[in-house]
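Structure file run_12.cif; described as mmCIF, C-alpha atoms; chains and numbers go by the auth columns.
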data_run
loop_
_atom_site.group_PDB
_atom_site.id
_atom_site.type_symbol
_atom_site.label_atom_id
_atom_site.label_comp_id
_atom_site.label_asym_id
_atom_site.label_seq_id
_atom_site.Cartn_x
_atom_site.Cartn_y
_atom_site.Cartn_z
_atom_site.B_iso_or_equiv
_atom_site.auth_seq_id
_atom_site.auth_asym_id
ATOM 1 C CA MET A 1 76.331 116.981 141.668 0.00 43 R
ATOM 2 C CA VAL A 2 74.921 114.746 138.936 0.00 44 R
ATOM 3 C CA GLU A 3 76.714 111.434 138.493 0.00 45 R
ATOM 4 C CA GLU A 4 78.351 111.018 135.101 0.00 46 R
ATOM 5 C CA ARG A 5 77.028 108.077 133.108 0.00 47 R
ATOM 6 C CA LEU A 6 78.954 106.314 130.400 0.00 48 R
ATOM 7 C CA PRO A 7 76.947 104.520 127.698 0.00 49 R
ATOM 8 C CA PRO A 8 75.558 101.242 129.084 0.00 50 R
ATOM 9 C CA ALA A 9 77.027 98.005 127.772 0.00 51 R
ATOM 10 C CA ASP A 10 73.632 96.953 126.418 0.00 52 R
ATOM 11 C CA LEU A 11 73.068 100.159 124.423 0.00 53 R
ATOM 12 C CA VAL A 12 73.634 98.187 121.228 0.00 54 R
ATOM 13 C CA LEU A 13 70.525 96.110 122.073 0.00 55 R
ATOM 14 C CA ARG A 14 68.282 99.155 122.558 0.00 56 R
ATOM 15 C CA SER A 15 66.229 100.760 119.838 0.00 57 R
ATOM 16 C CA LEU A 16 67.365 104.345 119.340 0.00 58 R
ATOM 17 C CA PRO A 17 64.902 107.247 119.393 0.00 59 R
ATOM 18 C CA SER A 18 64.831 109.751 116.539 0.00 60 R
ATOM 19 C CA ALA A 19 64.893 113.516 116.884 0.00 61 R
ATOM 20 C CA PRO A 20 62.328 115.577 114.984 0.00 62 R
ATOM 21 C CA ALA A 21 63.485 116.991 111.670 0.00 63 R
ATOM 22 C CA PRO A 22 64.741 120.580 111.464 0.00 64 R
ATOM 23 C CA PRO A 23 61.663 122.777 110.980 0.00 65 R
ATOM 24 C CA ASP A 24 62.760 124.291 107.670 0.00 66 R
ATOM 25 C CA GLY A 25 64.640 121.286 106.243 0.00 67 R
ATOM 26 C CA CYS A 26 67.986 123.061 106.689 0.00 68 R
ATOM 27 C CA LEU A 27 70.973 122.924 108.994 0.00 69 R
ATOM 28 C CA TYR A 28 73.127 125.969 109.782 0.00 70 R
ATOM 29 C CA ARG A 29 76.801 126.378 110.510 0.00 71 R
ATOM 30 C CA ILE A 30 78.958 129.392 111.288 0.00 72 R
ATOM 31 C CA HIS A 31 82.508 128.853 110.093 0.00 73 R
ATOM 32 C CA TYR A 32 85.672 130.727 109.232 0.00 74 R
ATOM 33 C CA THR A 33 85.073 132.282 105.832 0.00 75 R
ATOM 34 C CA LYS A 34 88.422 131.056 104.494 0.00 76 R
ATOM 35 C CA GLN A 35 87.520 127.433 105.275 0.00 77 R
ATOM 36 C CA ASP A 36 85.092 125.022 103.672 0.00 78 R
ATOM 37 C CA PRO A 37 81.780 125.059 105.585 0.00 79 R
ATOM 38 C CA ARG A 38 81.528 121.288 105.139 0.00 80 R
ATOM 39 C CA TYR A 39 84.132 120.254 107.688 0.00 81 R
ATOM 40 C CA PHE A 40 84.174 116.948 109.555 0.00 82 R
ATOM 41 C CA GLY A 41 86.815 117.203 112.265 0.00 83 R
ATOM 42 C CA THR A 42 88.648 114.152 113.548 0.00 84 R
ATOM 43 C CA GLY A 43 90.736 115.569 116.401 0.00 85 R
ATOM 44 C CA ILE A 44 89.675 114.965 119.991 0.00 86 R
ATOM 45 C CA GLY A 45 89.359 118.641 120.915 0.00 87 R
ATOM 46 C CA TYR A 46 85.570 118.931 120.490 0.00 88 R
ATOM 47 C CA ARG A 47 82.599 117.624 122.432 0.00 89 R
ATOM 48 C CA PHE A 48 81.360 114.778 120.203 0.00 90 R
ATOM 49 C CA ASN A 49 84.488 114.009 118.205 0.00 91 R
ATOM 50 C CA ASP A 50 85.544 110.381 118.102 0.00 92 R
ATOM 51 C CA PRO A 51 87.980 109.575 120.927 0.00 93 R
ATOM 52 C CA CYS A 52 89.693 107.106 118.546 0.00 94 R
ATOM 53 C CA GLU A 53 89.809 109.692 115.717 0.00 95 R
ATOM 54 C CA SER A 54 88.431 107.218 113.153 0.00 96 R
ATOM 55 C CA TYR A 55 85.387 109.226 111.983 0.00 97 R
ATOM 56 C CA GLY A 56 84.751 112.931 111.567 0.00 98 R
ATOM 57 C CA VAL A 57 82.047 115.129 113.060 0.00 99 R
ATOM 58 C CA CYS A 58 80.528 118.319 111.662 0.00 100 R
ATOM 59 C CA TYR A 59 78.794 120.685 114.096 0.00 101 R
ATOM 60 C CA LEU A 60 75.605 122.374 112.910 0.00 102 R
ATOM 61 C CA ALA A 61 72.320 123.658 114.337 0.00 103 R
ATOM 62 C CA TYR A 62 68.619 123.580 113.527 0.00 104 R
ATOM 63 C CA ARG A 63 68.478 127.374 113.494 0.00 105 R
ATOM 64 C CA GLN A 64 70.805 130.309 112.876 0.00 106 R
ATOM 65 C CA ALA A 65 70.665 131.317 116.559 0.00 107 R
ATOM 66 C CA GLY A 66 71.945 127.886 117.595 0.00 108 R
ATOM 67 C CA ALA A 67 74.871 128.096 115.187 0.00 109 R
ATOM 68 C CA PHE A 68 75.688 131.578 116.461 0.00 110 R
ATOM 69 C CA ALA A 69 75.489 130.552 120.121 0.00 111 R
ATOM 70 C CA GLU A 70 77.664 127.480 119.697 0.00 112 R
ATOM 71 C CA THR A 71 80.313 129.363 117.721 0.00 113 R
ATOM 72 C CA LEU A 72 80.450 132.927 118.983 0.00 114 R
ATOM 73 C CA LEU A 73 79.267 132.598 122.575 0.00 115 R
ATOM 74 C CA ARG A 74 81.675 129.802 123.515 0.00 116 R
ATOM 75 C CA HIS A 75 84.283 132.102 125.040 0.00 117 R
ATOM 76 C CA ARG A 76 81.996 134.968 126.016 0.00 118 R
ATOM 77 C CA LEU A 77 83.286 136.792 129.085 0.00 119 R
ATOM 78 C CA ASN A 78 81.166 139.927 128.874 0.00 120 R
ATOM 79 C CA ASP A 79 78.574 141.571 126.629 0.00 121 R
ATOM 80 C CA LEU A 80 80.983 142.023 123.748 0.00 122 R
ATOM 81 C CA VAL A 81 81.509 139.982 120.601 0.00 123 R
ATOM 82 C CA PRO A 82 84.552 141.496 118.894 0.00 124 R
ATOM 83 C CA TRP A 83 83.713 142.702 115.391 0.00 125 R
ATOM 84 C CA GLU A 84 86.831 140.897 114.136 0.00 126 R
ATOM 85 C CA ASP A 85 85.169 137.599 115.144 0.00 127 R
ATOM 86 C CA ILE A 86 82.140 138.522 113.038 0.00 128 R
ATOM 87 C CA GLU A 87 84.205 139.691 110.049 0.00 129 R
ATOM 88 C CA MET A 88 86.147 136.448 109.745 0.00 130 R
ATOM 89 C CA ARG A 89 83.091 134.176 109.758 0.00 131 R
ATOM 90 C CA SER A 90 80.262 133.194 107.439 0.00 132 R
ATOM 91 C CA LEU A 91 76.882 131.541 107.840 0.00 133 R
ATOM 92 C CA ALA A 92 76.377 128.385 105.786 0.00 134 R
ATOM 93 C CA THR A 93 72.871 127.096 105.137 0.00 135 R
ATOM 94 C CA PHE A 94 72.645 123.458 104.070 0.00 136 R
ATOM 95 C CA GLN A 95 69.405 122.243 102.504 0.00 137 R
ATOM 96 C CA LEU A 96 69.020 118.588 103.463 0.00 138 R
ATOM 97 C CA ARG A 97 68.946 116.113 100.585 0.00 139 R
ATOM 98 C CA ARG A 98 67.276 113.450 102.695 0.00 140 R
ATOM 99 C CA PRO A 99 65.821 113.068 106.185 0.00 141 R
ATOM 100 C CA LEU A 100 68.427 112.627 108.891 0.00 142 R
ATOM 101 C CA ARG A 101 68.338 109.963 111.589 0.00 143 R
ATOM 102 C CA LEU A 102 69.582 111.897 114.623 0.00 144 R
ATOM 103 C CA VAL A 103 69.565 110.466 118.137 0.00 145 R
ATOM 104 C CA PRO A 104 68.080 113.040 120.553 0.00 146 R
ATOM 105 C CA LEU A 105 70.476 113.210 123.485 0.00 147 R
ATOM 106 C CA TYR A 106 68.207 115.527 125.490 0.00 148 R
ATOM 107 C CA GLY A 107 64.885 115.679 127.293 0.00 149 R
ATOM 108 C CA ARG A 108 62.865 112.537 127.951 0.00 150 R
ATOM 109 C CA HIS A 109 65.103 110.513 125.645 0.00 151 R
ATOM 110 C CA LEU A 110 67.999 110.645 128.120 0.00 152 R
ATOM 111 C CA SER A 111 66.282 108.263 130.511 0.00 153 R
ATOM 112 C CA GLY A 112 65.509 105.696 127.798 0.00 154 R
ATOM 113 C CA LEU A 113 69.167 105.694 126.757 0.00 155 R
ATOM 114 C CA ARG A 114 70.246 105.426 130.442 0.00 156 R
ATOM 115 C CA ALA A 115 71.979 108.797 130.053 0.00 157 R
ATOM 116 C CA ASN A 116 71.672 112.119 131.842 0.00 158 R
ATOM 117 C CA ALA A 117 72.577 115.704 130.957 0.00 159 R
ATOM 118 C CA THR A 118 76.272 115.060 131.624 0.00 160 R
ATOM 119 C CA ALA A 119 76.357 113.157 128.304 0.00 161 R
ATOM 120 C CA THR A 120 76.244 116.542 126.562 0.00 162 R
ATOM 121 C CA THR A 121 77.364 119.040 129.184 0.00 163 R
ATOM 122 C CA GLY A 122 79.953 117.075 131.132 0.00 164 R
ATOM 123 C CA ARG A 123 83.596 116.480 130.451 0.00 165 R
ATOM 124 C CA TYR A 124 84.551 115.678 126.875 0.00 166 R
ATOM 125 C CA HIS A 125 85.651 112.113 127.607 0.00 167 R
ATOM 126 C CA LEU A 126 82.016 111.381 128.492 0.00 168 R
ATOM 127 C CA SER A 127 80.342 113.031 125.489 0.00 169 R
ATOM 128 C CA GLN A 128 82.941 111.445 123.208 0.00 170 R
ATOM 129 C CA ALA A 129 82.154 108.014 124.665 0.00 171 R
ATOM 130 C CA TRP A 130 78.465 108.614 123.862 0.00 172 R
ATOM 131 C CA SER A 131 79.386 109.722 120.353 0.00 173 R
ATOM 132 C CA ARG A 132 81.399 106.554 119.790 0.00 174 R
ATOM 133 C CA ALA A 133 78.689 104.283 121.209 0.00 175 R
ATOM 134 C CA LEU A 134 75.948 105.885 119.101 0.00 176 R
ATOM 135 C CA HIS A 135 78.130 105.958 115.975 0.00 177 R
ATOM 136 C CA ASP A 136 78.852 102.227 116.349 0.00 178 R
ATOM 137 C CA HIS A 137 75.241 101.255 117.098 0.00 179 R
ATOM 138 C CA THR A 138 73.780 98.714 114.657 0.00 180 R
ATOM 139 C CA GLU A 139 71.071 101.196 113.592 0.00 181 R
ATOM 140 C CA ARG A 140 73.821 103.467 112.190 0.00 182 R
ATOM 141 C CA PRO A 141 72.328 106.879 113.024 0.00 183 R
ATOM 142 C CA ASP A 142 73.521 109.935 111.111 0.00 184 R
ATOM 143 C CA GLY A 143 74.456 111.815 114.252 0.00 185 R
ATOM 144 C CA ILE A 144 73.342 113.316 117.534 0.00 186 R
ATOM 145 C CA ALA A 145 70.859 116.108 118.256 0.00 187 R
ATOM 146 C CA TYR A 146 71.535 117.882 121.552 0.00 188 R
ATOM 147 C CA ARG A 147 70.721 121.063 123.431 0.00 189 R
ATOM 148 C CA ALA A 148 73.207 123.793 122.551 0.00 190 R
ATOM 149 C CA ALA A 149 75.462 124.426 125.533 0.00 191 R
ATOM 150 C CA HIS A 150 75.261 128.215 125.213 0.00 192 R
ATOM 151 C CA ASP A 151 71.518 128.448 124.527 0.00 193 R
ATOM 152 C CA ASP A 152 69.605 125.343 125.545 0.00 194 R
ATOM 153 C CA ASP A 153 66.506 126.571 123.709 0.00 195 R
ATOM 154 C CA GLU A 154 68.397 125.652 120.544 0.00 196 R
ATOM 155 C CA ILE A 155 69.071 122.216 119.058 0.00 197 R
ATOM 156 C CA ALA A 156 72.593 121.569 117.826 0.00 198 R
ATOM 157 C CA VAL A 157 73.755 118.637 115.721 0.00 199 R
ATOM 158 C CA ALA A 158 76.897 116.534 115.741 0.00 200 R
ATOM 159 C CA LEU A 159 76.727 114.974 112.266 0.00 201 R
ATOM 160 C CA PHE A 160 78.842 111.885 111.589 0.00 202 R
ATOM 161 C CA ASP A 161 80.862 111.940 108.369 0.00 203 R
ATOM 162 C CA ARG A 162 78.923 108.977 106.960 0.00 204 R
ATOM 163 C CA ALA A 163 75.979 111.419 106.570 0.00 205 R
ATOM 164 C CA ASN A 164 77.950 113.912 104.459 0.00 206 R
ATOM 165 C CA ASN A 165 75.777 113.032 101.453 0.00 207 R
ATOM 166 C CA ALA A 166 72.673 114.270 103.323 0.00 208 R
ATOM 167 C CA LEU A 167 73.970 117.839 103.206 0.00 209 R
ATOM 168 C CA GLY A 168 73.121 119.599 99.976 0.00 210 R
ATOM 169 C CA HIS A 169 75.162 122.427 98.508 0.00 211 R
ATOM 170 C CA SER A 170 75.609 125.225 101.022 0.00 212 R
ATOM 171 C CA VAL A 171 74.580 128.831 100.557 0.00 213 R
ATOM 172 C CA THR A 172 77.279 130.770 102.382 0.00 214 R
ATOM 173 C CA THR A 173 77.137 134.444 103.332 0.00 215 R
ATOM 174 C CA PRO A 174 79.707 136.431 105.321 0.00 216 R
ATOM 175 C CA LEU A 175 78.180 137.390 108.672 0.00 217 R
ATOM 176 C CA ASN A 176 79.051 141.065 108.202 0.00 218 R
ATOM 177 C CA ARG A 177 76.693 141.064 105.184 0.00 219 R
ATOM 178 C CA LEU A 178 73.763 139.954 107.355 0.00 220 R
ATOM 179 C CA PRO A 179 73.034 143.106 109.422 0.00 221 R
ATOM 180 C CA ARG A 180 69.402 142.262 110.165 0.00 222 R
ATOM 181 C CA LEU A 181 70.301 138.776 111.436 0.00 223 R
ATOM 182 C CA LEU A 182 73.171 140.166 113.520 0.00 224 R
ATOM 183 C CA MET A 183 70.897 142.793 115.033 0.00 225 R
ATOM 184 C CA GLU A 184 68.387 140.093 116.013 0.00 226 R
ATOM 185 C CA LEU A 185 71.102 137.863 117.488 0.00 227 R
ATOM 186 C CA PHE A 186 72.810 140.697 119.367 0.00 228 R
ATOM 187 C CA GLU A 187 69.452 141.651 120.831 0.00 229 R
ATOM 188 C CA ARG A 188 68.619 138.028 121.706 0.00 230 R
ATOM 189 C CA TYR A 189 71.895 137.529 123.546 0.00 231 R
ATOM 190 C CA ARG A 190 72.220 141.131 124.828 0.00 232 R
ATOM 191 C CA LEU A 191 75.511 141.712 123.110 0.00 233 R
ATOM 192 C CA ASP A 192 77.522 144.695 121.950 0.00 234 R
ATOM 193 C CA GLY A 193 79.489 144.573 118.714 0.00 235 R
#

What does the file become when written as structure tokens?
Amino acid sequence: MVEERLPPADLVLRSLPSAPAPPDGCLYRIHYTKQDPRYFGTGIGYRFNDPCESYGVCYLAYRQAGAFAETLLRHRLNDLVPWEDIEMRSLATFQLRRPLRLVPLYGRHLSGLRANATATTGRYHLSQAWSRALHDHTERPDGIAYRAAHDDDEIAVALFDRANNALGHSVTTPLNRLPRLLMELFERYRLDG
């Protein structure tokens, strides 16, 4: 078993690495259609939310597949994604207004931060401690880039609310109006609808 590592006390003295920019200059989010796609949650029920509930976090991904995996594969028990789950959600595409400064909490960067994979895949108290430490760092990053828990080929983003202005207007489309994308994603994840 891998030992859980909290952020080191001297993290504030370390220079933070930067994740590469999203390849197409966009971030993607799958959300309930009835809700605003630009949502920065403050409760403690999600992986990188602030344990003190003083700042909000919006969860996005570099690609549509990452947004799908993090939203619709979270509670997957078999090869079925209920069509009702598809019908009540939309895909939001945010064009970035400016480059983001995201801390890569994956790969070779873990060692330099004195972290390990438990910072993103372990218990929430640990990932929330990393969120808080990185949010409060003097370099003031915009958020965290991490490997999506349900498809680690994909990069997901926990964007701090101070970077809200980096997200341009969203183009939002109900998922049930994206049959080609759904077909590709169902094939990728070997799902039935």

Using atom CA of R:Met225 and atom CA of R:Leu209 as the two end points, give the distance in Å to one decimal. 27.8 Å

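Relative to atom CA of R:His73, atom CA of R:Leu217 is found at 9.7 Å.
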
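Between atom CA of R:Glu226 and atom CA of R:Thr162 there is a distance of 27.0 Å.
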
Could you check which residues have any atom within 7 Å of (76.1, 120.0, 110.2), counting only C-alpha atoms with coordinates taken straight from the file, and then list them as a PyMOL selection string? chain R and resi 69-71+100-103+199-201

Give me, as a list of chain:residue names, all polymer residues having an atom no more than 7 Å from R:Phe82, counting only C-alpha atoms and skipping those fewer than 5 positions away in the same chain. R:Gly98, R:Val99, R:Cys100, R:Asp203

Got a sec: who's within 9 Å of R:His211, counting only C-alpha atoms, leaving out chain neighbours fewer than 3 positions off, as a ChimeraX atom specification? /R:135-138

As a check of understanding, name the residues that the PyMOL selection byres ((chain R and resi 127) around 10) selects in the supplied structure, as a PyMOL selection string. chain R and resi 74+113-114+123-126+128-131+217-218+235

With distances taken over all atoms listed in the file, which residue among R:Leu48, R:Phe202, R:Leu142, R:Ser57 lies nearest R:Ser96? R:Phe202

R:Ala109, R:Leu176, R:Ala205, R:Ile186: which is nearest R:Ala134, counting all atoms listed in the file? R:Ala109

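By all atoms listed in the file, and with residues fewer than 3 positions from R:Tyr231 along its chain excluded, the set lying at most 9 Å from it is Ala111, Leu115, Asp121, Glu226, Leu227 and Phe228 of chain R.
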
Measuring between all atoms listed in the file, which one of R:Val213, R:Cys94, R:Leu55, R:Leu147 shows the shortest distance to R:Asp78? R:Val213

How would stretch 44-77 of chain R read, as a PDB file, keeping the file's coordinate frame, once N, CA and C atoms are built in?
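The resulting file, part.pdb, is shown below:
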ATOM      1  N   VAL R  44      75.493 115.846 139.703  1.00  0.00           N
ATOM      2  CA  VAL R  44      74.921 114.746 138.936  1.00  0.00           C
ATOM      3  C   VAL R  44      76.026 113.751 138.583  1.00  0.00           C
ATOM      4  N   GLU R  45      75.742 112.492 138.799  1.00  0.00           N
ATOM      5  CA  GLU R  45      76.714 111.434 138.493  1.00  0.00           C
ATOM      6  C   GLU R  45      76.875 111.273 136.979  1.00  0.00           C
ATOM      7  N   GLU R  46      78.095 111.234 136.525  1.00  0.00           N
ATOM      8  CA  GLU R  46      78.351 111.018 135.101  1.00  0.00           C
ATOM      9  C   GLU R  46      78.016 109.577 134.735  1.00  0.00           C
ATOM     10  N   ARG R  47      77.394 109.420 133.570  1.00  0.00           N
ATOM     11  CA  ARG R  47      77.028 108.077 133.108  1.00  0.00           C
ATOM     12  C   ARG R  47      77.631 107.809 131.740  1.00  0.00           C
ATOM     13  N   LEU R  48      78.441 106.785 131.681  1.00  0.00           N
ATOM     14  CA  LEU R  48      78.954 106.314 130.400  1.00  0.00           C
ATOM     15  C   LEU R  48      77.856 105.517 129.698  1.00  0.00           C
ATOM     16  N   PRO R  49      77.959 105.320 128.393  1.00  0.00           N
ATOM     17  CA  PRO R  49      76.947 104.520 127.698  1.00  0.00           C
ATOM     18  C   PRO R  49      76.872 103.117 128.302  1.00  0.00           C
ATOM     19  N   PRO R  50      75.671 102.588 128.514  1.00  0.00           N
ATOM     20  CA  PRO R  50      75.558 101.242 129.084  1.00  0.00           C
ATOM     21  C   PRO R  50      76.038 100.185 128.093  1.00  0.00           C
ATOM     22  N   ALA R  51      76.510  99.084 128.621  1.00  0.00           N
ATOM     23  CA  ALA R  51      77.027  98.005 127.772  1.00  0.00           C
ATOM     24  C   ALA R  51      75.959  97.450 126.835  1.00  0.00           C
ATOM     25  N   ASP R  52      74.699  97.525 127.254  1.00  0.00           N
ATOM     26  CA  ASP R  52      73.632  96.953 126.418  1.00  0.00           C
ATOM     27  C   ASP R  52      72.998  97.987 125.477  1.00  0.00           C
ATOM     28  N   LEU R  53      73.628  99.136 125.309  1.00  0.00           N
ATOM     29  CA  LEU R  53      73.068 100.159 124.423  1.00  0.00           C
ATOM     30  C   LEU R  53      72.847  99.612 123.016  1.00  0.00           C
ATOM     31  N   VAL R  54      73.734  98.758 122.578  1.00  0.00           N
ATOM     32  CA  VAL R  54      73.634  98.187 121.228  1.00  0.00           C
ATOM     33  C   VAL R  54      72.348  97.376 121.048  1.00  0.00           C
ATOM     34  N   LEU R  55      71.756  96.905 122.145  1.00  0.00           N
ATOM     35  CA  LEU R  55      70.525  96.110 122.073  1.00  0.00           C
ATOM     36  C   LEU R  55      69.269  96.980 122.122  1.00  0.00           C
ATOM     37  N   ARG R  56      69.424  98.249 122.430  1.00  0.00           N
ATOM     38  CA  ARG R  56      68.282  99.155 122.558  1.00  0.00           C
ATOM     39  C   ARG R  56      67.943  99.790 121.214  1.00  0.00           C
ATOM     40  N   SER R  57      66.669 100.012 121.012  1.00  0.00           N
ATOM     41  CA  SER R  57      66.229 100.760 119.838  1.00  0.00           C
ATOM     42  C   SER R  57      66.476 102.243 120.118  1.00  0.00           C
ATOM     43  N   LEU R  58      67.032 102.941 119.148  1.00  0.00           N
ATOM     44  CA  LEU R  58      67.365 104.345 119.340  1.00  0.00           C
ATOM     45  C   LEU R  58      66.192 105.247 118.968  1.00  0.00           C
ATOM     46  N   PRO R  59      65.937 106.276 119.766  1.00  0.00           N
ATOM     47  CA  PRO R  59      64.902 107.247 119.393  1.00  0.00           C
ATOM     48  C   PRO R  59      65.401 108.131 118.254  1.00  0.00           C
ATOM     49  N   SER R  60      64.480 108.813 117.612  1.00  0.00           N
ATOM     50  CA  SER R  60      64.831 109.751 116.539  1.00  0.00           C
ATOM     51  C   SER R  60      64.370 111.149 116.896  1.00  0.00           C
ATOM     52  N   ALA R  61      65.235 112.112 116.652  1.00  0.00           N
ATOM     53  CA  ALA R  61      64.893 113.516 116.884  1.00  0.00           C
ATOM     54  C   ALA R  61      63.980 114.002 115.770  1.00  0.00           C
ATOM     55  N   PRO R  62      63.133 114.987 116.060  1.00  0.00           N
ATOM     56  CA  PRO R  62      62.328 115.577 114.984  1.00  0.00           C
ATOM     57  C   PRO R  62      63.229 116.256 113.954  1.00  0.00           C
ATOM     58  N   ALA R  63      62.722 116.358 112.752  1.00  0.00           N
ATOM     59  CA  ALA R  63      63.485 116.991 111.670  1.00  0.00           C
ATOM     60  C   ALA R  63      63.600 118.489 111.915  1.00  0.00           C
ATOM     61  N   PRO R  64      64.665 119.118 111.381  1.00  0.00           N
ATOM     62  CA  PRO R  64      64.741 120.580 111.464  1.00  0.00           C
ATOM     63  C   PRO R  64      63.498 121.200 110.836  1.00  0.00           C
ATOM     64  N   PRO R  65      62.952 122.239 111.434  1.00  0.00           N
ATOM     65  CA  PRO R  65      61.663 122.777 110.980  1.00  0.00           C
ATOM     66  C   PRO R  65      61.645 123.268 109.537  1.00  0.00           C
ATOM     67  N   ASP R  66      62.759 123.766 109.040  1.00  0.00           N
ATOM     68  CA  ASP R  66      62.760 124.291 107.670  1.00  0.00           C
ATOM     69  C   ASP R  66      63.537 123.406 106.699  1.00  0.00           C
ATOM     70  N   GLY R  67      63.914 122.201 107.123  1.00  0.00           N
ATOM     71  CA  GLY R  67      64.640 121.286 106.243  1.00  0.00           C
ATOM     72  C   GLY R  67      66.083 121.688 105.999  1.00  0.00           C
ATOM     73  N   CYS R  68      66.609 122.576 106.841  1.00  0.00           N
ATOM     74  CA  CYS R  68      67.986 123.061 106.689  1.00  0.00           C
ATOM     75  C   CYS R  68      68.756 122.881 107.988  1.00  0.00           C
ATOM     76  N   LEU R  69      70.076 122.836 107.856  1.00  0.00           N
ATOM     77  CA  LEU R  69      70.973 122.924 108.994  1.00  0.00           C
ATOM     78  C   LEU R  69      71.894 124.110 108.762  1.00  0.00           C
ATOM     79  N   TYR R  70      72.333 124.739 109.855  1.00  0.00           N
ATOM     80  CA  TYR R  70      73.127 125.969 109.782  1.00  0.00           C
ATOM     81  C   TYR R  70      74.464 125.773 110.475  1.00  0.00           C
ATOM     82  N   ARG R  71      75.461 126.450 109.930  1.00  0.00           N
ATOM     83  CA  ARG R  71      76.801 126.378 110.510  1.00  0.00           C
ATOM     84  C   ARG R  71      77.491 127.718 110.334  1.00  0.00           C
ATOM     85  N   ILE R  72      78.116 128.203 111.391  1.00  0.00           N
ATOM     86  CA  ILE R  72      78.958 129.392 111.288  1.00  0.00           C
ATOM     87  C   ILE R  72      80.392 128.908 111.292  1.00  0.00           C
ATOM     88  N   HIS R  73      81.149 129.355 110.299  1.00  0.00           N
ATOM     89  CA  HIS R  73      82.508 128.853 110.093  1.00  0.00           C
ATOM     90  C   HIS R  73      83.423 130.000 109.680  1.00  0.00           C
ATOM     91  N   TYR R  74      84.721 129.739 109.746  1.00  0.00           N
ATOM     92  CA  TYR R  74      85.672 130.727 109.232  1.00  0.00           C
ATOM     93  C   TYR R  74      85.477 130.828 107.727  1.00  0.00           C
ATOM     94  N   THR R  75      85.361 132.041 107.243  1.00  0.00           N
ATOM     95  CA  THR R  75      85.073 132.282 105.832  1.00  0.00           C
ATOM     96  C   THR R  75      86.106 131.630 104.918  1.00  0.00           C
ATOM     97  N   LYS R  76      87.350 131.610 105.333  1.00  0.00           N
ATOM     98  CA  LYS R  76      88.422 131.056 104.494  1.00  0.00           C
ATOM     99  C   LYS R  76      88.403 129.527 104.439  1.00  0.00           C
ATOM    100  N   GLN R  77      87.565 128.893 105.248  1.00  0.00           N
ATOM    101  CA  GLN R  77      87.520 127.433 105.275  1.00  0.00           C
ATOM    102  C   GLN R  77      86.225 126.914 104.680  1.00  0.00           C
TER     103      GLN R  77
END
